[in-house]
$ cat run.txt   # compact mmCIF, C-alpha atoms
# COMPACT_ATOMS: atom_id res chain seq x y z
CA MET A 4 22.97 13.73 2.69
CA ARG A 5 23.27 12.73 -0.98
CA GLU A 6 26.78 11.46 -0.38
CA LYS A 7 25.51 9.27 2.43
CA PHE A 8 22.71 8.11 0.14
CA HIS A 9 25.15 7.03 -2.54
CA GLU A 10 27.39 5.31 -0.01
CA GLN A 11 24.45 3.27 1.22
CA LEU A 12 23.28 2.50 -2.31
CA ASP A 13 26.80 1.35 -3.18
CA ARG A 14 26.73 -0.98 -0.19
CA ILE A 15 23.44 -2.45 -1.41
CA PHE A 16 25.06 -3.10 -4.79
CA VAL A 17 28.01 -4.84 -3.13
CA ASP A 18 25.57 -7.03 -1.19
CA MET A 19 23.69 -7.81 -4.40
CA ALA A 20 26.93 -8.81 -6.10
CA ALA A 21 27.52 -11.25 -3.23
CA ILE A 22 24.06 -12.74 -3.83
CA CYS A 23 24.85 -12.98 -7.53
CA ARG A 24 27.94 -14.99 -6.65
CA LEU A 25 25.81 -17.40 -4.59
CA VAL A 26 23.50 -17.73 -7.60
CA GLU A 27 26.49 -18.46 -9.84
CA THR A 28 27.52 -21.29 -7.51
CA ALA A 29 23.95 -22.59 -7.46
CA VAL A 30 23.70 -22.60 -11.28
CA GLY A 31 27.12 -24.26 -11.60
CA GLN A 32 26.45 -26.96 -9.01
CA ALA A 33 22.93 -27.66 -10.27
CA SER A 34 24.38 -28.21 -13.75
CA GLU A 35 27.11 -30.42 -12.33
CA ALA A 36 24.49 -32.54 -10.52
CA LEU A 37 22.51 -32.72 -13.74
CA MET A 38 25.42 -34.01 -15.79
CA SER A 39 26.84 -36.37 -13.14
CA GLY A 40 23.71 -37.62 -11.36
CA ASP A 41 25.42 -36.79 -8.05
CA ALA A 42 22.63 -36.57 -5.45
CA GLY A 43 24.87 -34.89 -2.87
CA VAL A 44 25.65 -31.96 -5.15
CA ALA A 45 21.95 -31.60 -6.02
CA GLU A 46 21.07 -31.60 -2.31
CA SER A 47 23.63 -28.93 -1.55
CA VAL A 48 22.09 -26.58 -4.14
CA ILE A 49 18.64 -27.18 -2.66
CA SER A 50 19.75 -26.66 0.95
CA ALA A 51 21.95 -23.62 0.14
CA ASP A 52 19.00 -21.71 -1.35
CA VAL A 53 18.01 -20.48 2.10
CA HIS A 54 21.22 -18.41 2.20
CA ILE A 55 20.14 -16.60 -0.98
CA ASP A 56 16.70 -15.99 0.54
CA LEU A 57 18.17 -14.58 3.74
CA ALA A 58 20.65 -12.40 1.87
CA ARG A 59 17.78 -11.07 -0.24
CA GLU A 60 15.82 -10.17 2.88
CA ALA A 61 18.82 -8.31 4.30
CA VAL A 62 19.20 -6.30 1.08
CA GLU A 63 15.50 -5.50 1.10
CA GLU A 64 15.72 -4.24 4.65
CA SER A 65 18.68 -2.02 3.74
CA ALA A 66 16.75 -0.65 0.77
CA PHE A 67 13.67 0.12 2.88
CA GLU A 68 15.86 1.79 5.48
CA LEU A 69 17.47 3.88 2.76
CA LEU A 70 14.05 4.89 1.42
CA SER A 71 12.72 5.72 4.90
CA LEU A 72 15.68 7.61 6.25
CA GLN A 73 16.90 9.41 3.14
CA GLN A 74 13.56 9.94 1.41
CA PRO A 75 15.14 10.00 -2.05
CA VAL A 76 13.23 11.48 -4.98
CA ALA A 77 13.49 11.31 -8.78
CA GLY A 78 16.40 9.24 -10.07
CA ASP A 79 17.63 8.27 -6.60
CA LEU A 80 14.22 6.92 -5.69
CA ARG A 81 14.04 4.93 -8.91
CA SER A 82 17.52 3.53 -8.29
CA VAL A 83 16.51 2.10 -4.92
CA VAL A 84 13.33 0.61 -6.37
CA ALA A 85 15.43 -0.84 -9.20
CA ALA A 86 17.67 -2.46 -6.57
CA LEU A 87 14.61 -3.97 -4.87
CA ARG A 88 13.61 -5.47 -8.20
CA MET A 89 17.11 -6.70 -8.98
CA VAL A 90 17.34 -8.60 -5.73
CA THR A 91 13.94 -10.23 -6.33
CA GLU A 92 15.17 -11.42 -9.72
CA LEU A 93 18.45 -12.72 -8.27
CA GLU A 94 16.49 -14.74 -5.75
CA ARG A 95 14.31 -16.09 -8.55
CA MET A 96 17.46 -17.19 -10.42
CA GLY A 97 18.41 -19.14 -7.29
CA ASP A 98 14.97 -20.79 -7.27
CA LEU A 99 15.38 -21.78 -10.91
CA SER A 100 18.74 -23.41 -10.06
CA VAL A 101 16.92 -25.38 -7.37
CA HIS A 102 14.44 -26.54 -10.03
CA VAL A 103 17.36 -27.79 -12.14
CA ALA A 104 18.86 -29.55 -9.10
CA LYS A 105 15.50 -31.19 -8.35
CA ILE A 106 15.29 -32.69 -11.84
CA ALA A 107 18.83 -34.03 -11.36
CA ARG A 108 17.86 -35.51 -7.99
CA LEU A 109 14.67 -37.07 -9.37
CA ARG A 110 16.66 -39.20 -11.82
CA VAL A 111 19.49 -40.29 -9.49
CA PRO A 112 21.32 -42.72 -9.91
CA ASP A 113 20.58 -42.09 -13.58
CA VAL A 114 21.45 -38.93 -15.41
CA ALA A 115 18.43 -36.92 -16.62
CA VAL A 116 20.08 -35.83 -19.86
CA PRO A 117 20.79 -38.58 -22.44
CA GLU A 118 24.39 -38.66 -23.61
CA ASP A 119 23.87 -37.46 -27.18
CA ILE A 120 21.86 -34.42 -25.96
CA ARG A 121 24.42 -33.47 -23.34
CA PRO A 122 26.44 -31.11 -25.56
CA THR A 123 23.44 -28.78 -26.11
CA VAL A 124 22.28 -28.89 -22.49
CA ALA A 125 25.86 -28.52 -21.22
CA ARG A 126 26.27 -25.48 -23.45
CA MET A 127 23.04 -23.96 -22.08
CA ALA A 128 24.28 -24.61 -18.56
CA HIS A 129 27.61 -23.03 -19.40
CA VAL A 130 26.04 -19.94 -21.00
CA ALA A 131 23.74 -19.46 -18.00
CA GLU A 132 26.56 -19.83 -15.47
CA ASP A 133 28.81 -17.53 -17.46
CA MET A 134 26.09 -14.87 -17.72
CA VAL A 135 25.51 -14.96 -13.97
CA GLY A 136 29.27 -14.74 -13.36
CA ARG A 137 29.54 -11.68 -15.60
CA LEU A 138 26.47 -10.18 -13.97
CA THR A 139 28.36 -10.06 -10.66
CA THR A 140 30.99 -7.90 -12.33
CA ILE A 141 28.34 -5.73 -13.99
CA ILE A 142 26.63 -5.08 -10.65
CA LEU A 143 29.97 -4.12 -9.08
CA SER A 144 31.51 -2.15 -11.95
CA ARG A 145 28.30 -0.80 -13.53
CA ASP A 146 30.06 -1.30 -16.86
CA LEU A 147 27.51 -0.45 -19.55
CA ASP A 148 29.32 -2.20 -22.42
CA GLU A 149 29.54 -5.38 -20.44
CA ALA A 150 25.84 -5.06 -19.56
CA SER A 151 24.84 -4.78 -23.20
CA SER A 152 27.10 -7.70 -24.17
CA LEU A 153 24.99 -9.96 -21.93
CA ARG A 154 22.21 -9.62 -24.49
CA GLU A 155 24.34 -11.45 -27.08
CA ASP A 156 24.69 -14.40 -24.74
CA ASP A 157 20.95 -14.35 -24.33
CA ASP A 158 20.63 -14.69 -28.11
CA GLU A 159 22.85 -17.76 -27.94
CA MET A 160 20.61 -19.20 -25.24
CA ASP A 161 17.58 -18.73 -27.50
CA GLN A 162 19.39 -20.50 -30.35
CA LEU A 163 20.39 -23.37 -28.06
CA ARG A 164 16.83 -23.76 -26.95
CA ARG A 165 15.65 -23.98 -30.56
CA ALA A 166 18.40 -26.53 -31.34
CA ASN A 167 17.25 -28.49 -28.32
CA PHE A 168 13.66 -28.61 -29.59
CA THR A 169 14.89 -29.77 -32.99
CA GLU A 170 16.80 -32.62 -31.32
CA MET A 171 13.80 -33.72 -29.28
CA LEU A 172 11.31 -33.55 -32.12
CA SER A 173 13.48 -35.30 -34.72
CA ASP A 174 12.58 -38.81 -35.82
CA ASP A 175 15.91 -40.00 -34.39
CA TRP A 176 14.79 -39.28 -30.83
CA THR A 177 15.01 -42.59 -28.99
CA HIS A 178 14.98 -41.43 -25.39
CA GLY A 179 11.26 -41.47 -24.83
CA VAL A 180 8.89 -39.01 -23.26
CA GLU A 181 10.38 -38.72 -19.78
CA ALA A 182 13.73 -37.46 -21.02
CA ALA A 183 12.00 -35.04 -23.42
CA VAL A 184 9.85 -33.61 -20.64
CA ASP A 185 12.89 -33.20 -18.39
CA ILE A 186 14.85 -31.48 -21.13
CA ALA A 187 11.99 -29.17 -22.15
CA LEU A 188 11.70 -27.99 -18.56
CA LEU A 189 15.48 -27.72 -18.08
CA GLY A 190 15.65 -25.60 -21.23
CA ARG A 191 12.93 -23.38 -19.84
CA TYR A 192 14.76 -22.98 -16.50
CA TYR A 193 18.08 -22.07 -18.11
CA GLU A 194 16.31 -19.68 -20.48
CA ARG A 195 14.63 -17.95 -17.54
CA ILE A 196 17.94 -17.67 -15.66
CA ALA A 197 19.39 -15.97 -18.76
CA ASP A 198 16.33 -13.70 -19.12
CA HIS A 199 16.65 -12.56 -15.53
CA ALA A 200 20.39 -11.97 -15.94
CA VAL A 201 19.68 -9.64 -18.89
CA SER A 202 16.90 -7.93 -16.99
CA VAL A 203 19.13 -7.31 -13.94
CA ALA A 204 21.89 -5.98 -16.22
CA ASN A 205 19.31 -3.67 -17.84
CA ARG A 206 18.36 -2.36 -14.42
CA VAL A 207 22.04 -1.59 -13.77
CA VAL A 208 22.03 0.43 -17.02
CA PHE A 209 18.92 2.22 -15.79
CA VAL A 210 20.52 3.07 -12.44
CA VAL A 211 23.61 4.48 -14.19
CA THR A 212 21.97 6.32 -17.08
CA GLY A 213 18.40 6.90 -15.93
CA GLU A 214 17.25 5.39 -19.19
CA LYS A 215 15.50 2.10 -19.71
CA PRO A 216 17.02 -0.17 -22.34
CA ASN A 217 14.40 -2.09 -24.33
CA SER A 218 12.95 -5.14 -22.68
CA ILE A 219 13.28 -3.92 -19.13
CA SER A 220 10.21 -4.27 -17.04
CA GLY A 221 9.79 -1.50 -14.51
CA MET B 23 -1.71 14.25 3.94
CA ARG B 24 -2.25 10.67 5.04
CA GLU B 25 -5.82 10.78 3.79
CA LYS B 26 -4.61 11.93 0.39
CA PHE B 27 -1.99 9.15 0.48
CA HIS B 28 -4.63 6.51 1.08
CA GLU B 29 -6.89 7.93 -1.60
CA GLN B 30 -4.06 7.67 -4.12
CA LEU B 31 -3.08 4.20 -2.97
CA ASP B 32 -6.71 3.11 -3.34
CA ARG B 33 -6.71 4.44 -6.88
CA ILE B 34 -3.59 2.38 -7.63
CA PHE B 35 -5.38 -0.70 -6.33
CA VAL B 36 -8.38 0.03 -8.56
CA ASP B 37 -6.03 0.33 -11.55
CA MET B 38 -4.35 -2.94 -10.60
CA ALA B 39 -7.73 -4.66 -10.41
CA ALA B 40 -8.37 -3.46 -13.97
CA ILE B 41 -5.06 -5.01 -15.07
CA CYS B 42 -6.01 -8.22 -13.28
CA ARG B 43 -9.22 -8.28 -15.33
CA LEU B 44 -7.16 -7.95 -18.54
CA VAL B 45 -5.03 -10.87 -17.35
CA GLU B 46 -8.16 -12.92 -16.64
CA THR B 47 -9.29 -12.34 -20.23
CA ALA B 48 -5.82 -13.26 -21.50
CA VAL B 49 -5.73 -16.52 -19.52
CA GLY B 50 -9.28 -17.40 -20.61
CA GLN B 51 -8.71 -16.67 -24.29
CA ALA B 52 -5.31 -18.37 -24.37
CA SER B 53 -6.93 -21.50 -22.95
CA GLU B 54 -9.77 -21.23 -25.45
CA ALA B 55 -7.25 -21.01 -28.32
CA LEU B 56 -5.42 -24.00 -26.88
CA MET B 57 -8.51 -26.19 -26.76
CA SER B 58 -9.98 -25.05 -30.09
CA GLY B 59 -6.87 -24.44 -32.22
CA ASP B 60 -8.38 -21.07 -33.19
CA ALA B 61 -5.47 -18.96 -34.47
CA GLY B 62 -7.46 -15.72 -34.32
CA VAL B 63 -8.11 -16.06 -30.61
CA ALA B 64 -4.44 -16.90 -30.00
CA GLU B 65 -3.40 -13.81 -31.99
CA SER B 66 -5.73 -11.58 -30.03
CA VAL B 67 -4.12 -12.67 -26.73
CA ILE B 68 -0.67 -11.98 -28.16
CA SER B 69 -1.58 -8.56 -29.56
CA ALA B 70 -3.58 -7.50 -26.48
CA ASP B 71 -0.58 -7.99 -24.19
CA VAL B 72 0.65 -4.49 -25.00
CA HIS B 73 -2.39 -3.08 -23.16
CA ILE B 74 -1.33 -4.91 -20.02
CA ASP B 75 2.22 -3.57 -20.43
CA LEU B 76 1.00 0.01 -20.86
CA ALA B 77 -1.39 -0.25 -17.92
CA ARG B 78 1.47 -1.56 -15.80
CA GLU B 79 3.62 1.40 -16.77
CA ALA B 80 0.84 3.81 -15.81
CA VAL B 81 0.45 2.16 -12.38
CA GLU B 82 4.21 2.30 -11.86
CA GLU B 83 4.24 6.00 -12.67
CA SER B 84 1.42 6.62 -10.17
CA ALA B 85 3.32 4.66 -7.53
CA PHE B 86 6.52 6.61 -8.12
CA GLU B 87 4.57 9.87 -7.98
CA LEU B 88 3.02 8.79 -4.71
CA LEU B 89 6.45 7.92 -3.29
CA SER B 90 7.97 11.21 -4.48
CA LEU B 91 5.21 13.57 -3.45
CA GLN B 92 4.00 11.97 -0.24
CA GLN B 93 7.30 10.51 0.98
CA PRO B 94 5.59 7.72 2.91
CA VAL B 95 7.48 5.86 5.64
CA ALA B 96 7.06 2.57 7.51
CA GLY B 97 3.94 0.62 6.56
CA ASP B 98 2.79 3.14 3.96
CA LEU B 99 6.13 2.96 2.17
CA ARG B 100 6.03 -0.84 2.19
CA SER B 101 2.48 -0.78 0.81
CA VAL B 102 3.52 1.26 -2.21
CA VAL B 103 6.51 -0.99 -2.84
CA ALA B 104 4.18 -4.01 -2.49
CA ALA B 105 1.95 -2.44 -5.16
CA LEU B 106 4.96 -2.03 -7.47
CA ARG B 107 5.71 -5.72 -7.02
CA MET B 108 2.10 -6.76 -7.51
CA VAL B 109 1.86 -4.98 -10.82
CA THR B 110 5.10 -6.60 -12.03
CA GLU B 111 3.64 -10.01 -11.20
CA LEU B 112 0.35 -9.20 -12.94
CA GLU B 113 2.25 -8.28 -16.07
CA ARG B 114 4.20 -11.52 -15.84
CA MET B 115 0.90 -13.44 -15.64
CA GLY B 116 -0.04 -11.74 -18.89
CA ASP B 117 3.26 -12.85 -20.46
CA LEU B 118 2.62 -16.42 -19.37
CA SER B 119 -0.81 -16.29 -21.05
CA VAL B 120 0.98 -15.18 -24.22
CA HIS B 121 3.24 -18.24 -23.90
CA VAL B 122 0.14 -20.46 -23.73
CA ALA B 123 -1.35 -18.69 -26.76
CA LYS B 124 1.90 -19.15 -28.69
CA ILE B 125 1.87 -22.93 -28.13
CA ALA B 126 -1.75 -22.93 -29.37
CA ARG B 127 -0.74 -20.91 -32.45
CA LEU B 128 2.25 -23.15 -33.19
CA ARG B 129 0.01 -26.20 -33.60
CA VAL B 130 -2.79 -24.58 -35.67
CA PRO B 131 -4.81 -26.05 -37.41
CA ASP B 132 -4.19 -28.90 -34.98
CA VAL B 133 -4.89 -28.73 -31.29
CA ALA B 134 -1.80 -28.96 -29.07
CA VAL B 135 -3.50 -31.01 -26.37
CA PRO B 136 -4.52 -34.60 -27.33
CA GLU B 137 -8.16 -35.34 -26.63
CA ASP B 138 -7.71 -37.78 -23.76
CA ILE B 139 -5.43 -35.33 -21.91
CA ARG B 140 -7.78 -32.41 -22.37
CA PRO B 141 -9.71 -32.90 -19.10
CA THR B 142 -6.58 -32.37 -16.97
CA VAL B 143 -5.27 -29.45 -19.01
CA ALA B 144 -8.75 -27.89 -19.23
CA ARG B 145 -9.05 -28.17 -15.46
CA MET B 146 -5.64 -26.47 -15.02
CA ALA B 147 -6.78 -23.71 -17.37
CA HIS B 148 -10.02 -23.35 -15.44
CA VAL B 149 -8.29 -23.21 -12.04
CA ALA B 150 -5.83 -20.58 -13.33
CA GLU B 151 -8.56 -18.41 -14.85
CA ASP B 152 -10.72 -18.73 -11.74
CA MET B 153 -7.80 -17.77 -9.47
CA VAL B 154 -7.10 -14.67 -11.55
CA GLY B 155 -10.79 -13.75 -11.53
CA ARG B 156 -10.94 -14.02 -7.73
CA LEU B 157 -7.69 -12.09 -7.45
CA THR B 158 -9.42 -9.08 -9.03
CA THR B 159 -11.97 -9.17 -6.19
CA ILE B 160 -9.22 -9.64 -3.59
CA ILE B 161 -7.34 -6.59 -4.88
CA LEU B 162 -10.52 -4.49 -4.73
CA SER B 163 -12.03 -5.78 -1.48
CA ARG B 164 -8.82 -6.68 0.35
CA ASP B 165 -10.74 -9.63 1.77
CA LEU B 166 -8.25 -11.66 3.81
CA ASP B 167 -10.29 -14.88 3.91
CA GLU B 168 -10.68 -14.85 0.18
CA ALA B 169 -6.93 -14.22 -0.17
CA SER B 170 -6.06 -17.23 1.94
CA SER B 171 -8.58 -19.41 0.07
CA LEU B 172 -6.54 -18.86 -3.12
CA ARG B 173 -3.85 -21.06 -1.60
CA GLU B 174 -6.22 -24.05 -1.70
CA ASP B 175 -6.68 -23.58 -5.41
CA ASP B 176 -2.95 -23.50 -5.76
CA ASP B 177 -2.80 -26.92 -4.07
CA GLU B 178 -5.25 -28.21 -6.66
CA MET B 179 -3.01 -26.83 -9.39
CA ASP B 180 -0.03 -28.74 -7.95
CA GLN B 181 -2.10 -31.95 -7.87
CA LEU B 182 -3.21 -31.42 -11.47
CA ARG B 183 0.35 -30.97 -12.53
CA ARG B 184 1.35 -34.24 -10.87
CA ALA B 185 -1.61 -36.02 -12.51
CA ASN B 186 -0.48 -34.57 -15.81
CA PHE B 187 3.04 -35.99 -15.40
CA THR B 188 1.57 -39.40 -14.54
CA GLU B 189 -0.47 -39.32 -17.74
CA MET B 190 2.51 -38.38 -19.88
CA LEU B 191 4.89 -40.91 -18.35
CA SER B 192 2.50 -43.86 -18.39
CA ASP B 193 3.08 -46.71 -20.83
CA ASP B 194 -0.26 -45.86 -22.44
CA TRP B 195 1.05 -42.54 -23.74
CA THR B 196 0.65 -42.70 -27.52
CA HIS B 197 0.92 -39.03 -28.42
CA GLY B 198 4.64 -38.86 -28.93
CA VAL B 199 7.27 -36.43 -27.78
CA GLU B 200 5.95 -33.19 -29.29
CA ALA B 201 2.66 -33.32 -27.42
CA ALA B 202 4.46 -34.24 -24.19
CA VAL B 203 6.85 -31.29 -24.52
CA ASP B 204 3.93 -28.92 -25.21
CA ILE B 205 1.99 -30.21 -22.24
CA ALA B 206 4.97 -30.10 -19.87
CA LEU B 207 5.51 -26.43 -20.76
CA LEU B 208 1.78 -25.60 -20.63
CA GLY B 209 1.63 -27.15 -17.17
CA ARG B 210 4.57 -25.03 -16.13
CA TYR B 211 2.92 -21.84 -17.47
CA TYR B 212 -0.40 -22.48 -15.71
CA GLU B 213 1.45 -23.38 -12.51
CA ARG B 214 3.37 -20.09 -12.65
CA ILE B 215 0.17 -18.10 -13.25
CA ALA B 216 -1.27 -19.75 -10.14
CA ASP B 217 1.93 -19.10 -8.14
CA HIS B 218 1.85 -15.42 -9.06
CA ALA B 219 -1.85 -15.17 -8.18
CA VAL B 220 -1.10 -16.51 -4.69
CA SER B 221 1.88 -14.22 -4.35
CA VAL B 222 -0.16 -11.13 -5.34
CA ALA B 223 -2.91 -12.16 -2.89
CA ASN B 224 -0.25 -12.52 -0.18
CA ARG B 225 0.93 -9.01 -0.92
CA VAL B 226 -2.64 -7.77 -0.44
CA VAL B 227 -2.62 -9.47 2.98
CA PHE B 228 0.67 -7.73 3.72
CA VAL B 229 -0.72 -4.32 2.74
CA VAL B 230 -3.77 -4.82 5.00
CA THR B 231 -2.12 -6.43 8.03
CA GLY B 232 1.54 -5.42 7.74
CA GLU B 233 2.42 -9.09 8.15
CA LYS B 234 3.89 -11.38 5.56
CA PRO B 235 2.10 -14.69 5.07
CA ASN B 236 4.47 -17.57 4.39
CA SER B 237 5.77 -17.87 0.88
CA ILE B 238 5.69 -14.20 0.05
CA SER B 239 8.82 -12.84 -1.45
CA GLY B 240 9.56 -9.29 -0.48

$ encode --input "run.txt" --output "structure tokens"
Amino acid sequence: MREKFHEQLDRIFVDMAAICRLVETAVGQASEALMSGDAGVAESVISADVHIDLAREAVEESAFELLSLQQPVAGDLRSVVAALRMVTELERMGDLSVHVAKIARLRVPDVAVPEDIRPTVARMAHVAEDMVGRLTTIILSRDLDEASSLREDDDEMDQLRRANFTEMLSDDWTHGVEAAVDIALLGRYYERIADHAVSVANRVVFVVTGEKPNSISG
Amino acid sequence: MREKFHEQLDRIFVDMAAICRLVETAVGQASEALMSGDAGVAESVISADVHIDLAREAVEESAFELLSLQQPVAGDLRSVVAALRMVTELERMGDLSVHVAKIARLRVPDVAVPEDIRPTVARMAHVAEDMVGRLTTIILSRDLDEASSLREDDDEMDQLRRANFTEMLSDDWTHGVEAAVDIALLGRYYERIADHAVSVANRVVFVVTGEKPNSISG
């Protein structure tokens, strides 16, 4: 019975890793649309989000089935509930990528991010995409060192966001209010993608060790 | 057994309503700090957030106990998982109030929102606080009509946010980039509080009817 339980839980983790890969593509393409002003790429992120939603529903159904049929208790129960929370967060990361793509689309044929600000925003985009890419591996391998290393990337994201504010609020800012509003929101979206990546990695740690790292909710 | 299950689930809902009341206070006080520039009120929102976090943990423990001891299946199982999700969202609404309070604190002794923009932002704040207040009643009464009426308020929030963008991007905007960045983020925080309120109300509908309204995740 417990062996079957763990087999099914492993399958749920494999399915979640597949969702994480879809999210990685979404983050990457949304950032590409943002930097290039390519409406087609932005549209493809927006229209592909339904696949993430459907994959999330399938994982949720598997998790409910596992809870119903195997009636796990203690740590096993908490692991399945952790998986339900992970998949909700992965879906949310997909939604945040759609928000990025929508800002890109709104400014087509222009590019939302002014040229001199692009290095900071491009770095944020890169950090977010890289974190999501590594999260796929963490979900599959349940590598605890790798999970804790994601927190360092999150620190870089926080620094980038502060640098970004400094750029916008300096007297040299010549790009007006619209660009500043876009960039403030983009910064928020990338920051939230990074936050969720750390939170999902923390839940992996919880599933493996039974212990909650700091800053995990639930 | 089932009677005991429902008694315990009811108790979880009562505890969640108490958390919702804490969130209502947080949203109200954060908005007050924002409009008045009162650092003390902002601080009290920030320091009170720990009570919401602790109350969430207590509800989660009750829900896990209920799952472990009663081993619910089918609709009962989904109701407990819905409660776990609701309480996560309530906590998040508290975090978003803290974000609002932090913007207020950052600008003390000034007021983050320029006077001519205050009506729109004050209305957003009011709609958010009102939605959270009504959500407390919805959690306690499980009133389906009231739950679906929250969606109308959410439409008003979306309209307010659009009006807010129009104000910021008009040629008459004289408040510079910093105020625009603050207001863009404040709008985002209030919008997310409203989104979560609708989502929690939808989960109440799910618990009562077993059917998911549109736009519920999980």

$ interface_residues --input "run.txt" --of "chain A" --to "chain B" --cutoff "10 Å" --atoms "all atoms listed in the file" --output "mmCIF file with C-alpha atoms, keeping the file's coordinate frame"
data_model
loop_
_atom_site.group_PDB
_atom_site.id
_atom_site.type_symbol
_atom_site.label_atom_id
_atom_site.label_comp_id
_atom_site.auth_asym_id
_atom_site.auth_seq_id
_atom_site.Cartn_x
_atom_site.Cartn_y
_atom_site.Cartn_z
ATOM 1 C CA ASP A 56 16.700 -15.990 0.540
ATOM 2 C CA ARG A 59 17.780 -11.070 -0.240
ATOM 3 C CA GLU A 60 15.820 -10.170 2.880
ATOM 4 C CA GLU A 63 15.500 -5.500 1.100
ATOM 5 C CA GLU A 64 15.720 -4.240 4.650
ATOM 6 C CA PHE A 67 13.670 0.120 2.880
ATOM 7 C CA GLU A 68 15.860 1.790 5.480
ATOM 8 C CA LEU A 70 14.050 4.890 1.420
ATOM 9 C CA SER A 71 12.720 5.720 4.900
ATOM 10 C CA LEU A 72 15.680 7.610 6.250
ATOM 11 C CA GLN A 73 16.900 9.410 3.140
ATOM 12 C CA GLN A 74 13.560 9.940 1.410
ATOM 13 C CA PRO A 75 15.140 10.000 -2.050
ATOM 14 C CA VAL A 76 13.230 11.480 -4.980
ATOM 15 C CA ALA A 77 13.490 11.310 -8.780
ATOM 16 C CA LEU A 80 14.220 6.920 -5.690
ATOM 17 C CA ARG A 81 14.040 4.930 -8.910
ATOM 18 C CA VAL A 84 13.330 0.610 -6.370
ATOM 19 C CA LEU A 87 14.610 -3.970 -4.870
ATOM 20 C CA ARG A 88 13.610 -5.470 -8.200
ATOM 21 C CA VAL A 90 17.340 -8.600 -5.730
ATOM 22 C CA THR A 91 13.940 -10.230 -6.330
ATOM 23 C CA GLU A 94 16.490 -14.740 -5.750
ATOM 24 C CA ARG A 95 14.310 -16.090 -8.550
ATOM 25 C CA PHE A 168 13.660 -28.610 -29.590
ATOM 26 C CA MET A 171 13.800 -33.720 -29.280
ATOM 27 C CA LEU A 172 11.310 -33.550 -32.120
ATOM 28 C CA SER A 173 13.480 -35.300 -34.720
ATOM 29 C CA ASP A 174 12.580 -38.810 -35.820
ATOM 30 C CA TRP A 176 14.790 -39.280 -30.830
ATOM 31 C CA THR A 177 15.010 -42.590 -28.990
ATOM 32 C CA HIS A 178 14.980 -41.430 -25.390
ATOM 33 C CA GLY A 179 11.260 -41.470 -24.830
ATOM 34 C CA VAL A 180 8.890 -39.010 -23.260
ATOM 35 C CA GLU A 181 10.380 -38.720 -19.780
ATOM 36 C CA ALA A 182 13.730 -37.460 -21.020
ATOM 37 C CA ALA A 183 12.000 -35.040 -23.420
ATOM 38 C CA VAL A 184 9.850 -33.610 -20.640
ATOM 39 C CA ASP A 185 12.890 -33.200 -18.390
ATOM 40 C CA ILE A 186 14.850 -31.480 -21.130
ATOM 41 C CA ALA A 187 11.990 -29.170 -22.150
ATOM 42 C CA LEU A 188 11.700 -27.990 -18.560
ATOM 43 C CA ARG A 191 12.930 -23.380 -19.840
ATOM 44 C CA SER A 220 10.210 -4.270 -17.040
ATOM 45 C CA GLY A 221 9.790 -1.500 -14.510
#

$ residues_around --input "run.txt" --residues "Thr47 (chain B)" --least-positions-apart "3" --cutoff "9 Å" --atoms "all atoms listed in the file" --output "list in words"
Cys42, Arg43, Leu44, Gly50, Gln51, Ala52, Val67, Glu151 and Gly155 of chain B

$ residues_around --input "run.txt" --residues "Gln11 (chain A)" --least-positions-apart "4" --cutoff "8 Å" --atoms "only C-alpha atoms" --output "PDB file with C-alpha atoms, in the coordinates of the input"
ATOM      1  CA  LYS A   7      25.510   9.270   2.430  1.00  0.00           C
ATOM      2  CA  ILE A  15      23.440  -2.450  -1.410  1.00  0.00           C
ATOM      3  CA  LEU A  69      17.470   3.880   2.760  1.00  0.00           C
TER       4      LEU A  69
END

$ atom_distance --input "run.txt" --atom1 "CA of Val111 (chain A)" --atom2 "CA of Ala42 (chain A)"
6.3 Å

$ closest_atom_pairs --input "run.txt" --of "region 98-148 of chain A" --to "region 159-167 of chain A" --cutoff "7 Å" --atoms "all atoms listed in the file" --output "Markdown table"
| residue | atom | partner | partner_atom | distance |
| --- | --- | --- | --- | --- |
| A:Thr123 | CA | A:Leu163 | CA | 6.5 |
| A:Met127 | CA | A:Met160 | CA | 6.2 |
| A:Val130 | CA | A:Met160 | CA | 6.9 |

$ atom_distance --input "run.txt" --atom1 "CA of Val101 (chain A)" --atom2 "CA of Gly190 (chain A)"
13.9 Å

$ atom_distance --input "run.txt" --atom1 "CA of Glu46 (chain A)" --atom2 "CA of Arg214 (chain B)"
23.5 Å

$ closest_residue --input "run.txt" --among "A:Val26, A:Met134, A:Ile141, A:Leu37" --to "Arg108 (chain A)" --atoms "all atoms listed in the file"
A:Leu37

$ build_atoms --input "run.txt" --residues "region 58-62 of chain B" --atoms "N, CA and C atoms" --output "PDB file, keeping the file's coordinate frame"
ATOM      1  N   SER B  58      -9.242 -25.109 -28.818  1.00  0.00           N
ATOM      2  CA  SER B  58      -9.980 -25.050 -30.090  1.00  0.00           C
ATOM      3  C   SER B  58      -9.050 -25.024 -31.299  1.00  0.00           C
ATOM      4  N   GLY B  59      -7.774 -24.634 -31.085  1.00  0.00           N
ATOM      5  CA  GLY B  59      -6.870 -24.440 -32.220  1.00  0.00           C
ATOM      6  C   GLY B  59      -7.246 -23.224 -33.057  1.00  0.00           C
ATOM      7  N   ASP B  60      -7.942 -22.276 -32.466  1.00  0.00           N
ATOM      8  CA  ASP B  60      -8.380 -21.070 -33.190  1.00  0.00           C
ATOM      9  C   ASP B  60      -7.247 -20.033 -33.185  1.00  0.00           C
ATOM     10  N   ALA B  61      -6.631 -19.847 -34.382  1.00  0.00           N
ATOM     11  CA  ALA B  61      -5.470 -18.960 -34.470  1.00  0.00           C
ATOM     12  C   ALA B  61      -5.830 -17.508 -34.159  1.00  0.00           C
ATOM     13  N   GLY B  62      -7.044 -17.105 -34.545  1.00  0.00           N
ATOM     14  CA  GLY B  62      -7.460 -15.720 -34.320  1.00  0.00           C
ATOM     15  C   GLY B  62      -7.512 -15.379 -32.836  1.00  0.00           C
TER      16      GLY B  62
END
